[in-house]
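First comes the structure, then the notes that go with it.
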Amino acid sequence: MAETIAGDEAVAGQGQISRWAQIRATLGAWGFMSPAAVLVTVFFFIPVIILFVISLTDLSSSNFSDPLTFIGLDNYAKLFRDRFFPKILGNTIRYVVLTLGFFNVGLALVLALLTTHINRRAGFFFRLVWLLPRITPSVVYVLMWRRIAHQPPFGILNQLLAPFGVAPRYWLVKQPWLFVILVNGFVGASFGMIIFTSAIEAIPRDYIIAAKVDGASTWQIIRDITLPMIKWPLLFVTTYQTLSLLTSFQYILLLTEGGPGLYTTEVWALTAYKRALKTYFGHNQWGYGAAWGFILVIIGIALSVIYLRVFRFNELVQEPKIDVL
Amino acid sequence: MRVKLENLTKRWGNVVGADHINLEVGDGEFVAFLGPSGCGKTTTLLMIAGIYKPTEGIIKFDGQIVNHLAPKDRNIGMVFQSYALYPHMTVFQNISYPLKLKKVPKEEMQKHAQRVADMMGIGHLMDRKPAQLSGGQQQRVALGRALVKEPDLLLFDEPLSNLDARLRLTMRSEIKRLQMELGITSIYVTHDQVEAMTMANRIAVMKDGRLQAYATPDELYDRPRTLFIAGFVGNPPMNFLEVEVVRENGDYHARREGFDVVVPADRGVKAAGQGTIIMGIRPEDITLGDEGIVGEVYVVEPLGRDDLVDVRIGKADIHVLADPEKGLKVGDMVRLNFDTHKIQFFDPQTEQSLLWTD
């Protein structure tokens, strides 16, 4: 009898220890998670919630001292009824798709492949030069582009094209979209270029040698070996740059301010900025601007989820099937 | 196919990868490039494959200079230490990749790939990705990929180094059998002298980019031409002792403090009167007995079949293989008999053999 009791106590004691260990393990996991969790909460979740709350009010610079008035989804209804809503949506899609496709991923990949297939030092120098716009202040960078595409008799482009018989014109006004995409793309390509370059250089040389021995040409190696092996960096840059382009507007603001004319090059993020912070005669429609901003956040989240699905993220964590030596 | 290297040299600035390599591989021959890491064996292999351009020298396949040919035009198969299987392709896609590049019709490609895979015993794994295979299976796939286009020359770059010991033995004999059956000329790079000795018809021993010797396994083992070869080939390695060989009463004695053995006249005559030289004797050529040189057991390492015993004679250590039944312990006094017909002599300055130089 006495033995049984002692045994029970021992079991109970063990149970307590393992429960403690469990709690400690849980606390440890949370401890490691907490820095990232705090950052995401403070800089993403809380601002998004505040943004949503503001978007439900008519808060503006004319009534900010009054108590908040909640107007339900009126701001959203107003937004979708806006005469220029389809134009702005179309502009945003055009801006993101073209810049992403031709420059931030396309040109980035071409640059990375080119600079890894030439002399190592030359490649390194070339990439360094391409990074210069990124460390140039946006205002200076855009000013240079405005000089390039300036109206006659000025404009570097006009000077350069004159000997070829091209009539001088105000390039920025005639071709605003071309320059919006060029200005963003030249800077944007450097990010992907760096990521792709390191991914390409991380491919073990044996694969390339094996492919050469198997009979592949340089182009076939790029198509069959290099590109499939940098699939994840490609996914990452595409996703990251999509979200980044969706929310970026400073170059457009500096270059065309959304013009020339009405909403010619105005994108979603620029509209949100203008409504909330820069409307006519200092009248800031914070509530209305917040509605534009909030929808942009939702679009961003939806796109990330779609990307992860399309690129089949779960393939990364496939189970091994090793059974025989 | 015959392969001939003439003065083959690879330099990167001041770094010499391979230094005037001259050798010939006969049709259907299995040759091993043996040497420690950084000796230039892989550099030489990659020049033969066409990956590296030689700085100097000529590579000939069947008498034709191939220096200018791209790897894809040399019809070679290659197997790597890392297997280098394309991770995003299935086993079938890996094996058939060389055929796909040759634009072989799909049906023929499938039949051919399946035949090679069945030959390698991996025919049932065609739909798997490399990450879902064991090391041994991966190496079979890699072999299959090298064989599928029926190459004229097979190049192996330490193909077994990533496998566990037991599997390495199996694969070693499998590769050897396959090579003999198919009769494909093969060059096999390894740092493992057992692999080189057991598989190759001839071994090219390399050190610091230079070809040290190019000979059959038996010749390397019995008649090493340099101190490096003597020490590198054979396991456990050869013992080296500084001795002086003198002639006394018609006999040649190899002597040092606490050590005196009579060596056969044909060997002794070449070593006598040269001052202090290096004597080499393999552990398996020394036996323990009731007579002979006296020494003290310093370390005993059980190897299973034998004990590797470190015996101290004066200031020198000599490794001896002993029967574990003897139960030798540290501090025991033993007597050593040397099989003097196996003794080697080397010049300490040039490190060349005094016995086997032409």
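Residues in the structure tokens are named by chain (A, B, ... in the order shown) and by number from 1 within that chain; ligands are numbered from 1 in the order shown.
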Extract, using only C-alpha atoms, all DNA, RNA and protein residues at most 7 Å from Asn201 in chain B, discarding same-chain residues fewer than 4 positions from it, and format them as JSON, numbers by chain.
{"B": [29, 30, 31, 216]}
Could you list, as a ChimeraX atom specification, every residue within 9 Å of range 172-179 of chain A, counting only C-alpha atoms and ignoring same-chain residues fewer than 5 positions away?
/A:95,145-146,148-151,184,255-256,259-260,264-265
Output N, CA and C atoms for every residue in that selection, as a PDB file, in the first residue's frame.
```pdb
ATOM      1  N   TYR A  95       0.873  50.414 -64.546  1.00  0.00           N
ATOM      2  CA  TYR A  95       2.141  50.802 -63.905  1.00  0.00           C
ATOM      3  C   TYR A  95       2.834  49.598 -63.274  1.00  0.00           C
ATOM      4  N   TRP A 145      15.979  63.079 -65.101  1.00  0.00           N
ATOM      5  CA  TRP A 145      15.057  62.542 -66.111  1.00  0.00           C
ATOM      6  C   TRP A 145      14.237  63.672 -66.750  1.00  0.00           C
ATOM      7  N   ARG A 146      13.855  64.640 -65.934  1.00  0.00           N
ATOM      8  CA  ARG A 146      13.072  65.755 -66.484  1.00  0.00           C
ATOM      9  C   ARG A 146      13.899  66.565 -67.470  1.00  0.00           C
ATOM     10  N   ILE A 148      16.277  65.259 -69.245  1.00  0.00           N
ATOM     11  CA  ILE A 148      16.395  64.407 -70.435  1.00  0.00           C
ATOM     12  C   ILE A 148      15.179  64.586 -71.335  1.00  0.00           C
ATOM     13  N   ALA A 149      13.990  64.625 -70.720  1.00  0.00           N
ATOM     14  CA  ALA A 149      12.753  64.626 -71.512  1.00  0.00           C
ATOM     15  C   ALA A 149      12.123  66.015 -71.587  1.00  0.00           C
ATOM     16  N   HIS A 150      12.957  67.052 -71.451  1.00  0.00           N
ATOM     17  CA  HIS A 150      12.425  68.405 -71.376  1.00  0.00           C
ATOM     18  C   HIS A 150      11.899  68.912 -72.728  1.00  0.00           C
ATOM     19  N   GLN A 151      11.153  70.026 -72.664  1.00  0.00           N
ATOM     20  CA  GLN A 151      10.538  70.565 -73.881  1.00  0.00           C
ATOM     21  C   GLN A 151      11.573  71.284 -74.739  1.00  0.00           C
ATOM     22  N   ASN A 184      10.941  54.550 -62.899  1.00  0.00           N
ATOM     23  CA  ASN A 184      10.788  53.566 -61.820  1.00  0.00           C
ATOM     24  C   ASN A 184      11.595  52.305 -62.103  1.00  0.00           C
ATOM     25  N   LEU A 255       7.764  63.436 -60.977  1.00  0.00           N
ATOM     26  CA  LEU A 255       7.943  63.512 -62.419  1.00  0.00           C
ATOM     27  C   LEU A 255       6.745  64.184 -63.104  1.00  0.00           C
ATOM     28  N   THR A 256       5.549  63.695 -62.817  1.00  0.00           N
ATOM     29  CA  THR A 256       4.366  64.197 -63.554  1.00  0.00           C
ATOM     30  C   THR A 256       3.258  64.685 -62.631  1.00  0.00           C
ATOM     31  N   GLY A 259      -0.056  63.797 -63.824  1.00  0.00           N
ATOM     32  CA  GLY A 259      -0.477  64.369 -65.108  1.00  0.00           C
ATOM     33  C   GLY A 259       0.302  63.778 -66.245  1.00  0.00           C
ATOM     34  N   PRO A 260       0.468  64.383 -67.367  1.00  0.00           N
ATOM     35  CA  PRO A 260      -0.132  65.685 -67.688  1.00  0.00           C
ATOM     36  C   PRO A 260      -1.645  65.539 -67.910  1.00  0.00           C
ATOM     37  N   THR A 264      -3.710  61.339 -65.964  1.00  0.00           N
ATOM     38  CA  THR A 264      -3.083  60.546 -67.024  1.00  0.00           C
ATOM     39  C   THR A 264      -2.181  59.462 -66.449  1.00  0.00           C
ATOM     40  N   THR A 265      -1.359  59.830 -65.462  1.00  0.00           N
ATOM     41  CA  THR A 265      -0.439  58.845 -64.893  1.00  0.00           C
ATOM     42  C   THR A 265      -0.673  58.689 -63.392  1.00  0.00           C
TER      43      THR A 265
END
```
If we count only C-alpha atoms and set the cut-off at 12 Å, which residues sit around range 85-88 of chain B, ignoring sequence neighbours fewer than 2 positions away in its own chain? Please answer as a PyMOL selection string.
(chain A and resi 203-211+214+221+224-231+315-316) or (chain B and resi 78-83+90-97+127-133+135+137-146)
Surrounding residues of Arg335 in chain B excluding itself and chain neighbours under 6 positions, 9 Å, only C-alpha atoms, as a ChimeraX atom specification:
/B:287-296
Take the residues that were just selected and, keeping C-alpha atoms, output them as an mmCIF file, in the first residue's frame.
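Wrote it out as again.cif, contents follow:
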```cif
data_model
loop_
_atom_site.group_PDB
_atom_site.id
_atom_site.type_symbol
_atom_site.label_atom_id
_atom_site.label_comp_id
_atom_site.auth_asym_id
_atom_site.auth_seq_id
_atom_site.Cartn_x
_atom_site.Cartn_y
_atom_site.Cartn_z
ATOM 1 C CA THR B 287 56.797 -9.817 -38.293
ATOM 2 C CA LEU B 288 57.066 -10.300 -34.570
ATOM 3 C CA GLY B 289 59.194 -13.222 -33.460
ATOM 4 C CA ASP B 290 61.642 -14.567 -30.927
ATOM 5 C CA GLU B 291 64.635 -13.064 -32.657
ATOM 6 C CA GLY B 292 65.392 -9.787 -34.347
ATOM 7 C CA ILE B 293 65.551 -6.120 -33.458
ATOM 8 C CA VAL B 294 64.369 -5.289 -29.951
ATOM 9 C CA GLY B 295 61.752 -2.621 -29.436
ATOM 10 C CA GLU B 296 59.168 -1.463 -26.935
#
```
Looking only at helix (DSSP H, G or I) from DSSP on the backbone, list the matching residues of range 50-219 of chain B as a ChimeraX atom specification.
/B:71-73,91-101,106-119,123-125,130-132,135-147,165-182,193-199,217-219
Please run DSSP on the backbone and report, as number ranges by chain, all residues within range 155-192 of chain B that come out as strand (DSSP E).
B: 155-157, 185-190
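Within 6 Å of chain A, chain B contributes the residues B:Pro71, B:Lys72, B:Ala84, B:Pro98, B:Gln132, B:Leu133, B:Ser134, B:Gly136, using only C-alpha atoms.
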Just write the chosen residues, N, CA, C and O atoms, as a tab-separated table (two decimals), in the first residue's frame.
```
chain	number	residue	atom	x	y	z
B	71	PRO	N	32.61	21.13	-74.51
B	71	PRO	CA	32.32	19.87	-73.81
B	71	PRO	C	31.25	19.04	-74.53
B	71	PRO	O	31.37	17.83	-74.62
B	72	LYS	N	30.24	19.73	-75.09
B	72	LYS	CA	29.12	18.99	-75.69
B	72	LYS	C	29.54	18.25	-76.96
B	72	LYS	O	28.85	17.34	-77.40
B	84	ALA	N	25.52	15.94	-58.61
B	84	ALA	CA	25.10	16.99	-59.54
B	84	ALA	C	23.85	16.61	-60.31
B	84	ALA	O	23.72	16.91	-61.49
B	98	PRO	N	20.57	14.37	-71.47
B	98	PRO	CA	21.52	14.40	-72.60
B	98	PRO	C	20.86	14.02	-73.92
B	98	PRO	O	21.21	14.56	-74.97
B	132	GLN	N	14.45	12.79	-53.06
B	132	GLN	CA	13.70	11.68	-52.47
B	132	GLN	C	14.45	10.36	-52.63
B	132	GLN	O	13.87	9.31	-52.45
B	133	LEU	N	15.75	10.44	-52.96
B	133	LEU	CA	16.55	9.24	-53.15
B	133	LEU	C	17.67	9.20	-52.12
B	133	LEU	O	18.11	10.23	-51.62
B	134	SER	N	18.14	7.97	-51.82
B	134	SER	CA	19.31	7.85	-50.95
B	134	SER	C	20.56	8.17	-51.76
B	134	SER	O	20.52	8.26	-52.98
B	136	GLY	N	23.15	6.33	-52.45
B	136	GLY	CA	23.49	5.27	-53.40
B	136	GLY	C	22.63	5.33	-54.64
B	136	GLY	O	23.11	5.19	-55.76
```
Residues near Gly38 in chain B, anyone? I mean within 10 Å using only C-alpha atoms, not counting same-chain ones fewer than 5 positions away, as a PDB file with C-alpha atoms, in the first residue's frame.
```pdb
ATOM      1  CA  GLY B  17      46.909  23.749 -61.332  1.00  0.00           C
ATOM      2  CA  ALA B  18      48.536  21.224 -63.610  1.00  0.00           C
ATOM      3  CA  THR B  43      41.955  20.350 -62.883  1.00  0.00           C
ATOM      4  CA  MET B 206      49.937  13.427 -58.849  1.00  0.00           C
ATOM      5  CA  LYS B 207      51.349  15.947 -56.417  1.00  0.00           C
ATOM      6  CA  ASP B 208      51.505  19.750 -56.661  1.00  0.00           C
ATOM      7  CA  GLY B 209      50.275  19.663 -60.253  1.00  0.00           C
TER       8      GLY B 209
END
```
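Relative to CA of Thr41 in chain A, CA of Arg19 in chain A is found at 29.7 Å.
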Fewer than 5 positions away in the same chain doesn't count, so skip those; otherwise give me all residues within 8 Å of Arg147 in chain A, counting only C-alpha atoms, as a PyMOL selection string.
chain A and resi 154-156
Take the selection from the previous step and output its residues with C-alpha atoms, as an mmCIF file, in the first residue's frame.
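Result written to part.cif:
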```
data_model
loop_
_atom_site.group_PDB
_atom_site.id
_atom_site.type_symbol
_atom_site.label_atom_id
_atom_site.label_comp_id
_atom_site.auth_asym_id
_atom_site.auth_seq_id
_atom_site.Cartn_x
_atom_site.Cartn_y
_atom_site.Cartn_z
ATOM 1 C CA PHE A 154 15.858 72.032 -74.278
ATOM 2 C CA GLY A 155 15.941 68.327 -73.469
ATOM 3 C CA ILE A 156 18.925 66.009 -73.694
#
```
Quick one: everything within 7 Å of range 51-63 of chain A, counting only C-alpha atoms, minus sequence neighbours fewer than 2 positions away in the same chain. Send it as a list in words.
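Residues near the query, excluding close chain neighbours: Pro47, Val48, Ile49, Ser65, Asp66, Leu68, Thr69, Phe70, Ile71, Gly72, Leu73, Asn75, His283, Asn284, Gln285, Trp286, Gly287, Tyr288, Ala290, Ala291 and Phe294 of chain A.
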Go ahead and save the residues from that selection, with N, CA, C and O atoms, as an mmCIF file, in the first residue's frame.
```
data_model
loop_
_atom_site.group_PDB
_atom_site.id
_atom_site.type_symbol
_atom_site.label_atom_id
_atom_site.label_comp_id
_atom_site.auth_asym_id
_atom_site.auth_seq_id
_atom_site.Cartn_x
_atom_site.Cartn_y
_atom_site.Cartn_z
ATOM 1 N N PRO A 47 -1.340 50.109 -37.391
ATOM 2 C CA PRO A 47 -1.643 51.157 -38.387
ATOM 3 C C PRO A 47 -2.808 50.792 -39.301
ATOM 4 O O PRO A 47 -3.619 51.661 -39.629
ATOM 5 N N VAL A 48 -2.898 49.498 -39.685
ATOM 6 C CA VAL A 48 -3.978 49.098 -40.583
ATOM 7 C C VAL A 48 -5.327 49.258 -39.866
ATOM 8 O O VAL A 48 -6.305 49.738 -40.453
ATOM 9 N N ILE A 49 -5.369 48.885 -38.587
ATOM 10 C CA ILE A 49 -6.623 49.036 -37.833
ATOM 11 C C ILE A 49 -6.988 50.519 -37.703
ATOM 12 O O ILE A 49 -8.137 50.916 -37.934
ATOM 13 N N SER A 65 -11.109 68.995 -35.067
ATOM 14 C CA SER A 65 -11.229 69.319 -33.646
ATOM 15 C C SER A 65 -12.583 68.858 -33.091
ATOM 16 O O SER A 65 -12.764 68.785 -31.875
ATOM 17 N N ASP A 66 -13.530 68.540 -33.987
ATOM 18 C CA ASP A 66 -14.832 68.052 -33.510
ATOM 19 C C ASP A 66 -14.716 66.591 -33.108
ATOM 20 O O ASP A 66 -13.767 65.909 -33.499
ATOM 21 N N LEU A 68 -15.282 62.632 -33.460
ATOM 22 C CA LEU A 68 -15.321 61.831 -34.685
ATOM 23 C C LEU A 68 -16.754 61.495 -35.081
ATOM 24 O O LEU A 68 -17.557 61.115 -34.234
ATOM 25 N N THR A 69 -17.072 61.651 -36.371
ATOM 26 C CA THR A 69 -18.380 61.228 -36.852
ATOM 27 C C THR A 69 -18.189 60.008 -37.727
ATOM 28 O O THR A 69 -17.469 60.068 -38.733
ATOM 29 N N PHE A 70 -18.831 58.896 -37.311
ATOM 30 C CA PHE A 70 -18.731 57.696 -38.136
ATOM 31 C C PHE A 70 -19.786 57.730 -39.215
ATOM 32 O O PHE A 70 -20.966 57.989 -38.946
ATOM 33 N N ILE A 71 -19.359 57.512 -40.450
ATOM 34 C CA ILE A 71 -20.307 57.600 -41.564
ATOM 35 C C ILE A 71 -20.411 56.267 -42.303
ATOM 36 O O ILE A 71 -20.761 56.202 -43.474
ATOM 37 N N GLY A 72 -20.075 55.190 -41.576
ATOM 38 C CA GLY A 72 -20.185 53.857 -42.183
ATOM 39 C C GLY A 72 -19.262 53.717 -43.372
ATOM 40 O O GLY A 72 -18.111 54.167 -43.323
ATOM 41 N N LEU A 73 -19.783 53.102 -44.433
ATOM 42 C CA LEU A 73 -18.951 52.831 -45.599
ATOM 43 C C LEU A 73 -19.103 53.906 -46.674
ATOM 44 O O LEU A 73 -18.781 53.665 -47.844
ATOM 45 N N ASN A 75 -17.412 56.516 -47.387
ATOM 46 C CA ASN A 75 -16.173 56.839 -48.104
ATOM 47 C C ASN A 75 -15.910 55.835 -49.219
ATOM 48 O O ASN A 75 -15.435 56.193 -50.298
ATOM 49 N N HIS A 283 -7.069 71.443 -47.974
ATOM 50 C CA HIS A 283 -8.191 70.681 -47.441
ATOM 51 C C HIS A 283 -7.864 69.193 -47.516
ATOM 52 O O HIS A 283 -7.885 68.587 -48.590
ATOM 53 N N ASN A 284 -7.537 68.589 -46.348
ATOM 54 C CA ASN A 284 -7.125 67.192 -46.323
ATOM 55 C C ASN A 284 -8.301 66.307 -45.922
ATOM 56 O O ASN A 284 -8.793 66.395 -44.809
ATOM 57 N N GLN A 285 -8.679 65.406 -46.865
ATOM 58 C CA GLN A 285 -9.784 64.485 -46.544
ATOM 59 C C GLN A 285 -9.201 63.198 -45.986
ATOM 60 O O GLN A 285 -9.062 62.207 -46.702
ATOM 61 N N TRP A 286 -8.893 63.247 -44.663
ATOM 62 C CA TRP A 286 -8.203 62.087 -44.074
ATOM 63 C C TRP A 286 -9.054 60.827 -44.140
ATOM 64 O O TRP A 286 -8.582 59.759 -44.440
ATOM 65 N N GLY A 287 -10.299 60.943 -43.853
ATOM 66 C CA GLY A 287 -11.183 59.774 -43.867
ATOM 67 C C GLY A 287 -11.270 59.160 -45.254
ATOM 68 O O GLY A 287 -11.102 57.944 -45.427
ATOM 69 N N TYR A 288 -11.474 60.007 -46.273
ATOM 70 C CA TYR A 288 -11.615 59.531 -47.642
ATOM 71 C C TYR A 288 -10.290 58.921 -48.133
ATOM 72 O O TYR A 288 -10.257 57.828 -48.723
ATOM 73 N N ALA A 290 -8.021 57.593 -46.304
ATOM 74 C CA ALA A 290 -7.801 56.335 -45.589
ATOM 75 C C ALA A 290 -8.528 55.188 -46.285
ATOM 76 O O ALA A 290 -8.025 54.059 -46.329
ATOM 77 N N ALA A 291 -9.710 55.477 -46.843
ATOM 78 C CA ALA A 291 -10.450 54.424 -47.559
ATOM 79 C C ALA A 291 -9.650 53.943 -48.766
ATOM 80 O O ALA A 291 -9.522 52.738 -49.004
ATOM 81 N N PHE A 294 -6.781 51.874 -47.392
ATOM 82 C CA PHE A 294 -7.145 50.577 -46.839
ATOM 83 C C PHE A 294 -7.386 49.547 -47.946
ATOM 84 O O PHE A 294 -6.969 48.396 -47.840
#
```
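Picture a line from CA of Phe43 in chain A to CA of Asn91 in chain A; it runs 28.0 Å.
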Computed interatomic separation between CA of Leu89 in chain A and CA of Phe45 in chain A (Å):
25.0 Å
Select, from B:Pro302, B:Met171, B:Pro348, B:Pro36, the residue with the minimum atom-to-atom distance to Glu244 in chain B, counting only C-alpha atoms.
B:Pro348
Selected residue, from A:Val166, A:Leu246, A:Val187, A:Leu114, that lies nearest to Pro133 in chain A when counting only C-alpha atoms
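Selected residue with least distance to Pro133 in chain A: A:Val187.
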